[in-house]
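Notes follow once the structure below has been shown.
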Amino acid sequence: MGDASTHAIFHSAYWHLAFIEDGVWVGTRDFAPICKVGEEETKIELGHQSK
């Protein structure tokens with residue numbers, strides 16, 4: 001299981017809402033991989049949901 005924190009990341013001229021799963025940024029819209037962690041140009045942590 002990856003980092004459950006949601007981030008806004010900027011990669012390839014677009015902003016994405018994403019989370020980390022196995023070292024990869026995964027988009028919250030379609031759960032598709034965006035890029036490897038560290039390849040994003042900018043990231044902003046938005047928060048962590050807990051039960």
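Letters A, B, ... go to the chains of the structure tokens in the order shown; residues in each chain start at 1; ligands are counted from 1 in the same order.
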Identify, on the basis of only C-alpha atoms, every residue whose closest approach to range 27-34 of chain A does not exceed 10 Å; exclude the query and any residue fewer than 3 positions from it along the same chain; express the result as a PDB file with all heavy atoms, in the first residue's frame.
ATOM      1  N   THR A   6      -2.987  12.806  -0.406  1.00  0.00           N
ATOM      2  CA  THR A   6      -3.258  13.323  -1.741  1.00  0.00           C
ATOM      3  C   THR A   6      -2.367  14.528  -1.993  1.00  0.00           C
ATOM      4  O   THR A   6      -2.172  15.354  -1.121  1.00  0.00           O
ATOM      5  CB  THR A   6      -4.741  13.722  -1.876  1.00  0.00           C
ATOM      6  OG1 THR A   6      -5.544  12.588  -1.605  1.00  0.00           O
ATOM      7  CG2 THR A   6      -5.044  14.227  -3.263  1.00  0.00           C
ATOM      8  N   HIS A   7      -1.820  14.594  -3.187  1.00  0.00           N
ATOM      9  CA  HIS A   7      -0.951  15.688  -3.603  1.00  0.00           C
ATOM     10  C   HIS A   7      -1.465  16.269  -4.910  1.00  0.00           C
ATOM     11  O   HIS A   7      -2.122  15.580  -5.683  1.00  0.00           O
ATOM     12  CB  HIS A   7       0.476  15.185  -3.852  1.00  0.00           C
ATOM     13  CG  HIS A   7       1.180  14.698  -2.652  1.00  0.00           C
ATOM     14  ND1 HIS A   7       0.881  13.490  -2.058  1.00  0.00           N
ATOM     15  CD2 HIS A   7       2.186  15.242  -1.929  1.00  0.00           C
ATOM     16  CE1 HIS A   7       1.696  13.317  -1.016  1.00  0.00           C
ATOM     17  NE2 HIS A   7       2.491  14.364  -0.927  1.00  0.00           N
ATOM     18  N   ALA A   8      -1.133  17.502  -5.152  1.00  0.00           N
ATOM     19  CA  ALA A   8      -1.257  18.091  -6.485  1.00  0.00           C
ATOM     20  C   ALA A   8       0.159  18.075  -7.044  1.00  0.00           C
ATOM     21  O   ALA A   8       1.080  18.571  -6.407  1.00  0.00           O
ATOM     22  CB  ALA A   8      -1.798  19.511  -6.409  1.00  0.00           C
ATOM     23  N   ILE A   9       0.333  17.452  -8.196  1.00  0.00           N
ATOM     24  CA  ILE A   9       1.662  17.424  -8.815  1.00  0.00           C
ATOM     25  C   ILE A   9       1.571  18.035 -10.211  1.00  0.00           C
ATOM     26  O   ILE A   9       0.546  17.950 -10.879  1.00  0.00           O
ATOM     27  CB  ILE A   9       2.266  16.009  -8.872  1.00  0.00           C
ATOM     28  CG1 ILE A   9       1.451  15.089  -9.788  1.00  0.00           C
ATOM     29  CG2 ILE A   9       2.402  15.419  -7.490  1.00  0.00           C
ATOM     30  CD1 ILE A   9       2.183  13.799 -10.148  1.00  0.00           C
ATOM     31  N   HIS A  11       3.264  17.823 -13.855  1.00  0.00           N
ATOM     32  CA  HIS A  11       4.101  16.959 -14.693  1.00  0.00           C
ATOM     33  C   HIS A  11       3.631  17.086 -16.138  1.00  0.00           C
ATOM     34  O   HIS A  11       2.442  17.006 -16.421  1.00  0.00           O
ATOM     35  CB  HIS A  11       3.999  15.505 -14.233  1.00  0.00           C
ATOM     36  CG  HIS A  11       4.786  14.558 -15.080  1.00  0.00           C
ATOM     37  ND1 HIS A  11       6.158  14.526 -15.055  1.00  0.00           N
ATOM     38  CD2 HIS A  11       4.411  13.629 -15.981  1.00  0.00           C
ATOM     39  CE1 HIS A  11       6.586  13.598 -15.908  1.00  0.00           C
ATOM     40  NE2 HIS A  11       5.533  13.045 -16.485  1.00  0.00           N
ATOM     41  N   SER A  12       4.559  17.291 -17.048  1.00  0.00           N
ATOM     42  CA  SER A  12       4.277  17.383 -18.487  1.00  0.00           C
ATOM     43  C   SER A  12       3.191  18.418 -18.803  1.00  0.00           C
ATOM     44  O   SER A  12       2.235  18.138 -19.519  1.00  0.00           O
ATOM     45  CB  SER A  12       3.877  16.018 -19.043  1.00  0.00           C
ATOM     46  OG  SER A  12       4.948  15.117 -18.941  1.00  0.00           O
ATOM     47  N   HIS A  16      -2.065  17.441 -11.690  1.00  0.00           N
ATOM     48  CA  HIS A  16      -2.799  16.200 -11.417  1.00  0.00           C
ATOM     49  C   HIS A  16      -3.035  16.088  -9.917  1.00  0.00           C
ATOM     50  O   HIS A  16      -2.160  16.452  -9.133  1.00  0.00           O
ATOM     51  CB  HIS A  16      -1.980  14.967 -11.824  1.00  0.00           C
ATOM     52  CG  HIS A  16      -1.519  14.957 -13.241  1.00  0.00           C
ATOM     53  ND1 HIS A  16      -2.270  14.425 -14.255  1.00  0.00           N
ATOM     54  CD2 HIS A  16      -0.379  15.406 -13.808  1.00  0.00           C
ATOM     55  CE1 HIS A  16      -1.600  14.539 -15.398  1.00  0.00           C
ATOM     56  NE2 HIS A  16      -0.447  15.136 -15.148  1.00  0.00           N
ATOM     57  N   LEU A  17      -4.182  15.539  -9.515  1.00  0.00           N
ATOM     58  CA  LEU A  17      -4.369  15.100  -8.136  1.00  0.00           C
ATOM     59  C   LEU A  17      -3.893  13.665  -8.108  1.00  0.00           C
ATOM     60  O   LEU A  17      -4.323  12.840  -8.926  1.00  0.00           O
ATOM     61  CB  LEU A  17      -5.841  15.184  -7.720  1.00  0.00           C
ATOM     62  CG  LEU A  17      -6.384  16.584  -7.553  1.00  0.00           C
ATOM     63  CD1 LEU A  17      -7.872  16.525  -7.208  1.00  0.00           C
ATOM     64  CD2 LEU A  17      -5.626  17.346  -6.482  1.00  0.00           C
ATOM     65  N   ALA A  18      -2.981  13.347  -7.192  1.00  0.00           N
ATOM     66  CA  ALA A  18      -2.345  12.038  -7.234  1.00  0.00           C
ATOM     67  C   ALA A  18      -1.941  11.556  -5.845  1.00  0.00           C
ATOM     68  O   ALA A  18      -1.865  12.324  -4.900  1.00  0.00           O
ATOM     69  CB  ALA A  18      -1.107  12.095  -8.127  1.00  0.00           C
ATOM     70  N   PHE A  19      -1.661  10.267  -5.769  1.00  0.00           N
ATOM     71  CA  PHE A  19      -1.116   9.639  -4.567  1.00  0.00           C
ATOM     72  C   PHE A  19       0.010   8.704  -5.001  1.00  0.00           C
ATOM     73  O   PHE A  19       0.140   8.386  -6.187  1.00  0.00           O
ATOM     74  CB  PHE A  19      -2.203   8.893  -3.775  1.00  0.00           C
ATOM     75  CG  PHE A  19      -2.878   7.785  -4.549  1.00  0.00           C
ATOM     76  CD1 PHE A  19      -2.416   6.483  -4.459  1.00  0.00           C
ATOM     77  CD2 PHE A  19      -3.970   8.050  -5.362  1.00  0.00           C
ATOM     78  CE1 PHE A  19      -3.030   5.459  -5.171  1.00  0.00           C
ATOM     79  CE2 PHE A  19      -4.593   7.037  -6.072  1.00  0.00           C
ATOM     80  CZ  PHE A  19      -4.120   5.741  -5.981  1.00  0.00           C
ATOM     81  N   ILE A  20       0.819   8.281  -4.041  1.00  0.00           N
ATOM     82  CA  ILE A  20       1.964   7.424  -4.341  1.00  0.00           C
ATOM     83  C   ILE A  20       1.603   5.967  -4.110  1.00  0.00           C
ATOM     84  O   ILE A  20       1.066   5.598  -3.064  1.00  0.00           O
ATOM     85  CB  ILE A  20       3.174   7.792  -3.450  1.00  0.00           C
ATOM     86  CG1 ILE A  20       3.605   9.224  -3.722  1.00  0.00           C
ATOM     87  CG2 ILE A  20       4.332   6.817  -3.693  1.00  0.00           C
ATOM     88  CD1 ILE A  20       4.650   9.742  -2.746  1.00  0.00           C
ATOM     89  N   GLU A  21       1.910   5.136  -5.088  1.00  0.00           N
ATOM     90  CA  GLU A  21       1.716   3.688  -4.991  1.00  0.00           C
ATOM     91  C   GLU A  21       2.937   3.013  -5.599  1.00  0.00           C
ATOM     92  O   GLU A  21       3.197   3.179  -6.795  1.00  0.00           O
ATOM     93  CB  GLU A  21       0.440   3.269  -5.723  1.00  0.00           C
ATOM     94  CG  GLU A  21       0.088   1.810  -5.609  1.00  0.00           C
ATOM     95  CD  GLU A  21      -0.381   1.405  -4.221  1.00  0.00           C
ATOM     96  OE1 GLU A  21      -1.144   2.154  -3.612  1.00  0.00           O
ATOM     97  OE2 GLU A  21       0.036   0.351  -3.756  1.00  0.00           O
ATOM     98  N   VAL A  24       5.332   5.223  -7.638  1.00  0.00           N
ATOM     99  CA  VAL A  24       4.776   5.860  -8.838  1.00  0.00           C
ATOM    100  C   VAL A  24       3.629   6.772  -8.421  1.00  0.00           C
ATOM    101  O   VAL A  24       2.839   6.435  -7.542  1.00  0.00           O
ATOM    102  CB  VAL A  24       4.252   4.782  -9.829  1.00  0.00           C
ATOM    103  CG1 VAL A  24       3.558   5.403 -11.021  1.00  0.00           C
ATOM    104  CG2 VAL A  24       5.383   3.881 -10.276  1.00  0.00           C
ATOM    105  N   VAL A  37       7.933   8.722  -8.850  1.00  0.00           N
ATOM    106  CA  VAL A  37       8.167   9.736  -7.825  1.00  0.00           C
ATOM    107  C   VAL A  37       9.540  10.353  -8.068  1.00  0.00           C
ATOM    108  O   VAL A  37      10.512   9.638  -8.309  1.00  0.00           O
ATOM    109  CB  VAL A  37       8.080   9.122  -6.409  1.00  0.00           C
ATOM    110  CG1 VAL A  37       8.483  10.123  -5.352  1.00  0.00           C
ATOM    111  CG2 VAL A  37       6.670   8.613  -6.143  1.00  0.00           C
ATOM    112  N   GLU A  39      10.070  12.478 -10.630  1.00  0.00           N
ATOM    113  CA  GLU A  39      10.041  13.006 -11.992  1.00  0.00           C
ATOM    114  C   GLU A  39       9.097  14.198 -12.139  1.00  0.00           C
ATOM    115  O   GLU A  39       9.116  14.861 -13.166  1.00  0.00           O
ATOM    116  CB  GLU A  39       9.645  11.915 -12.989  1.00  0.00           C
ATOM    117  CG  GLU A  39      10.679  10.832 -13.139  1.00  0.00           C
ATOM    118  CD  GLU A  39      10.280   9.760 -14.138  1.00  0.00           C
ATOM    119  OE1 GLU A  39       9.099   9.718 -14.550  1.00  0.00           O
ATOM    120  OE2 GLU A  39      11.148   8.963 -14.496  1.00  0.00           O
ATOM    121  N   GLU A  40       8.259  14.453 -11.127  1.00  0.00           N
ATOM    122  CA  GLU A  40       7.339  15.596 -11.185  1.00  0.00           C
ATOM    123  C   GLU A  40       8.128  16.889 -11.043  1.00  0.00           C
ATOM    124  O   GLU A  40       9.173  16.918 -10.413  1.00  0.00           O
ATOM    125  CB  GLU A  40       6.268  15.486 -10.085  1.00  0.00           C
ATOM    126  CG  GLU A  40       6.755  15.719  -8.679  1.00  0.00           C
ATOM    127  CD  GLU A  40       7.501  14.557  -8.037  1.00  0.00           C
ATOM    128  OE1 GLU A  40       7.548  13.441  -8.593  1.00  0.00           O
ATOM    129  OE2 GLU A  40       8.045  14.774  -6.946  1.00  0.00           O
TER     130      GLU A  40
END
